[in-house]
Amino acid sequence: MLTRTVCSFGQRISEYCLSYMLAELQHHAQFQHQQKQKQWKVVEPQQLSAQTVIIYGTGEIGGRLAAILKSFGVRVIGVSKSGNEKPSFDQVVSISNERDLLKEADWIISTMPLTNETKSYFDQKWMNVVENAYFINVGRGATVDENALVGAIEQKRIRKAYIDVFEHEPLTKESFWWNHSHIIITPHISAVTTPEEAVECFVETLQKVEQGELPSNLVNIERGY
């Protein structure tokens with residue numbers, strides 16, 4: 001039996017994503033620049049309720065993110081292996097069948113696990129379908145083809161990328177990631193496991209095992225997550 005630590009990952013990742021979404025839609029960087037220039041220029045903020053977000057992964061993390069975004073009136077589309085309907089999503093489609101919907105996305109957020117099927121899933125072919133969307137990766141770094149992502153940014157298919165996870169961590173000082181103006185890097189902090197939460201999760205899992213119950217955080221070895 002193999003279990004995983006879940007804790008408050010869904011809530012933490014949701015707050016991480018929401019913070020960057022609001023910063024973009026409320027033009028934080030532009031207004032900070034205008035303040036330094038002593039420039040009074042009105043730029044109308046955009047509303048979350050006008051946004052369409054595609055979330056890859058509809059499990060505990062993706063589901064929590066969808067619920068929080070829906071509370072702001074966001075249109076949320078989920079992408080999963082099965083394509084089964086899930087609460088808080090306006091629509092769920094199976095993986096590889098979402099390509100027609102990508103052109104409608106303002107934001108694309110990956111919470112996907114790393115499996116044989118998802119490795120380099122976000123490749124050149126996938127990037128070529130996207131049209132001017134923001135991309136957030138809080139899943140696994142190896143799901144993204146790094147060169148394809150940079151190319152998509154340069155072609156303006158991806159407006160800006162917020163990357164919290166990388167195939168090789170920590171990044172070396174020589175890494176190209178550091179210097180790209182349209183890539184925001186965070187050091188794998190979107191869902192930090194605190195000692196207190198780790199202990200709580202472990203004790204809860206142990207109690208269920210001792211009672212002969214299957215814990216909710218059980219890993220499916222065949223699926224890989």
# chains A, B, ... in the order shown; residues from 1 in each chain; ligands from 1
>>> residues_around(residues="Glu98 in chain A", least_positions_apart="2", cutoff="12 Å", atoms="only C-alpha atoms", output="PyMOL selection string")
chain A and resi 54-56+77-81+83+91-96+100-105+108+126+129-130
>>> select_by_dssp(residues="range 100-187 of chain A", states="alpha helix (DSSP H)", output="ChimeraX atom specification")
/A:100-102,124-127,146-154
>>> closest_atom_pairs(of="range 29-111 of chain A", to="range 11-19 of chain A", cutoff="10 Å", atoms="only C-alpha atoms", output="tab-separated table")
residue	atom	partner	partner_atom	distance
A:Leu48	CA	A:Leu18	CA	9.6
A:Glu60	CA	A:Gln11	CA	9.8
A:Ile61	CA	A:Ile13	CA	7.4
A:Gly62	CA	A:Ser14	CA	8.5
A:Gly63	CA	A:Ser14	CA	9.7
A:Arg64	CA	A:Gln11	CA	6.6
A:Leu65	CA	A:Ser14	CA	4.8
A:Ala66	CA	A:Ser14	CA	8.4
A:Ala67	CA	A:Ser14	CA	9.2
A:Ile68	CA	A:Ser14	CA	7.1
A:Leu69	CA	A:Leu18	CA	7.9
A:Ile109	CA	A:Cys17	CA	8.2
A:Thr111	CA	A:Ile13	CA	9.0
>>> write_last_selection(atoms="N, CA, C and O atoms", output="PDB file, in the first residue's frame")
ATOM      1  N   LEU A  48     -12.807  38.641 -13.400  1.00  0.00           N
ATOM      2  CA  LEU A  48     -12.641  37.193 -13.437  1.00  0.00           C
ATOM      3  C   LEU A  48     -13.822  36.515 -14.117  1.00  0.00           C
ATOM      4  O   LEU A  48     -13.674  35.495 -14.797  1.00  0.00           O
ATOM      5  N   GLU A  60      -8.494  16.138  -6.575  1.00  0.00           N
ATOM      6  CA  GLU A  60      -8.698  16.961  -5.380  1.00  0.00           C
ATOM      7  C   GLU A  60      -8.185  18.385  -5.572  1.00  0.00           C
ATOM      8  O   GLU A  60      -8.849  19.350  -5.188  1.00  0.00           O
ATOM      9  N   ILE A  61      -7.014  18.534  -6.169  1.00  0.00           N
ATOM     10  CA  ILE A  61      -6.442  19.869  -6.362  1.00  0.00           C
ATOM     11  C   ILE A  61      -7.197  20.636  -7.443  1.00  0.00           C
ATOM     12  O   ILE A  61      -7.632  21.768  -7.235  1.00  0.00           O
ATOM     13  N   GLY A  62      -7.355  20.014  -8.613  1.00  0.00           N
ATOM     14  CA  GLY A  62      -8.074  20.669  -9.700  1.00  0.00           C
ATOM     15  C   GLY A  62      -9.507  20.995  -9.333  1.00  0.00           C
ATOM     16  O   GLY A  62     -10.042  22.046  -9.706  1.00  0.00           O
ATOM     17  N   GLY A  63     -10.137  20.093  -8.571  1.00  0.00           N
ATOM     18  CA  GLY A  63     -11.516  20.316  -8.161  1.00  0.00           C
ATOM     19  C   GLY A  63     -11.655  21.492  -7.217  1.00  0.00           C
ATOM     20  O   GLY A  63     -12.608  22.280  -7.315  1.00  0.00           O
ATOM     21  N   ARG A  64     -10.717  21.617  -6.294  1.00  0.00           N
ATOM     22  CA  ARG A  64     -10.756  22.745  -5.360  1.00  0.00           C
ATOM     23  C   ARG A  64     -10.518  24.058  -6.100  1.00  0.00           C
ATOM     24  O   ARG A  64     -11.191  25.063  -5.852  1.00  0.00           O
ATOM     25  N   LEU A  65      -9.578  24.048  -7.019  1.00  0.00           N
ATOM     26  CA  LEU A  65      -9.296  25.233  -7.829  1.00  0.00           C
ATOM     27  C   LEU A  65     -10.526  25.632  -8.635  1.00  0.00           C
ATOM     28  O   LEU A  65     -10.883  26.817  -8.708  1.00  0.00           O
ATOM     29  N   ALA A  66     -11.199  24.650  -9.225  1.00  0.00           N
ATOM     30  CA  ALA A  66     -12.404  24.926 -10.006  1.00  0.00           C
ATOM     31  C   ALA A  66     -13.489  25.550  -9.140  1.00  0.00           C
ATOM     32  O   ALA A  66     -14.155  26.510  -9.551  1.00  0.00           O
ATOM     33  N   ALA A  67     -13.673  25.029  -7.934  1.00  0.00           N
ATOM     34  CA  ALA A  67     -14.712  25.537  -7.037  1.00  0.00           C
ATOM     35  C   ALA A  67     -14.454  27.000  -6.669  1.00  0.00           C
ATOM     36  O   ALA A  67     -15.373  27.823  -6.642  1.00  0.00           O
ATOM     37  N   ILE A  68     -13.200  27.324  -6.384  1.00  0.00           N
ATOM     38  CA  ILE A  68     -12.871  28.701  -6.012  1.00  0.00           C
ATOM     39  C   ILE A  68     -13.061  29.643  -7.199  1.00  0.00           C
ATOM     40  O   ILE A  68     -13.622  30.736  -7.066  1.00  0.00           O
ATOM     41  N   LEU A  69     -12.628  29.228  -8.376  1.00  0.00           N
ATOM     42  CA  LEU A  69     -12.797  30.071  -9.555  1.00  0.00           C
ATOM     43  C   LEU A  69     -14.278  30.252  -9.893  1.00  0.00           C
ATOM     44  O   LEU A  69     -14.705  31.341 -10.289  1.00  0.00           O
ATOM     45  N   ILE A 109      -4.271  26.017 -16.846  1.00  0.00           N
ATOM     46  CA  ILE A 109      -3.588  25.660 -15.597  1.00  0.00           C
ATOM     47  C   ILE A 109      -3.411  24.150 -15.534  1.00  0.00           C
ATOM     48  O   ILE A 109      -4.385  23.399 -15.666  1.00  0.00           O
ATOM     49  N   THR A 111      -2.492  20.917 -13.329  1.00  0.00           N
ATOM     50  CA  THR A 111      -2.277  20.271 -12.031  1.00  0.00           C
ATOM     51  C   THR A 111      -2.002  18.782 -12.257  1.00  0.00           C
ATOM     52  O   THR A 111      -2.105  17.987 -11.333  1.00  0.00           O
TER      53      THR A 111
END
>>> residues_around(residues="Ile184 in chain A", least_positions_apart="3", cutoff="7 Å", atoms="only C-alpha atoms", output="PyMOL selection string")
chain A and resi 161-163
>>> closest_residue(among="A:Thr58, A:Gln211, A:Asn132, A:Ser88", to="Pro113 in chain A", atoms="only C-alpha atoms")
A:Thr58
>>> closest_atom_pairs(of="range 146-172 of chain A", to="range 185-206 of chain A", cutoff="12 Å", atoms="only C-alpha atoms", output="tab-separated table")
residue	atom	partner	partner_atom	distance
A:Lys160	CA	A:Ile185	CA	11.1
A:Ala161	CA	A:Ile185	CA	8.5
A:Tyr162	CA	A:Ile185	CA	6.2
A:Ile163	CA	A:Ile185	CA	5.2
A:Asp164	CA	A:His188	CA	4.8
A:Val165	CA	A:His188	CA	5.4
A:Phe166	CA	A:His188	CA	8.1
A:Glu167	CA	A:His188	CA	11.2
A:His168	CA	A:His188	CA	11.3
A:Glu169	CA	A:Pro187	CA	8.4
A:Pro170	CA	A:Pro187	CA	7.5
A:Leu171	CA	A:Pro187	CA	8.6
A:Thr172	CA	A:Pro187	CA	11.9
>>> atom_distance(atom1="CA of Gly59 in chain A", atom2="CA of Gly212 in chain A")
24.3 Å
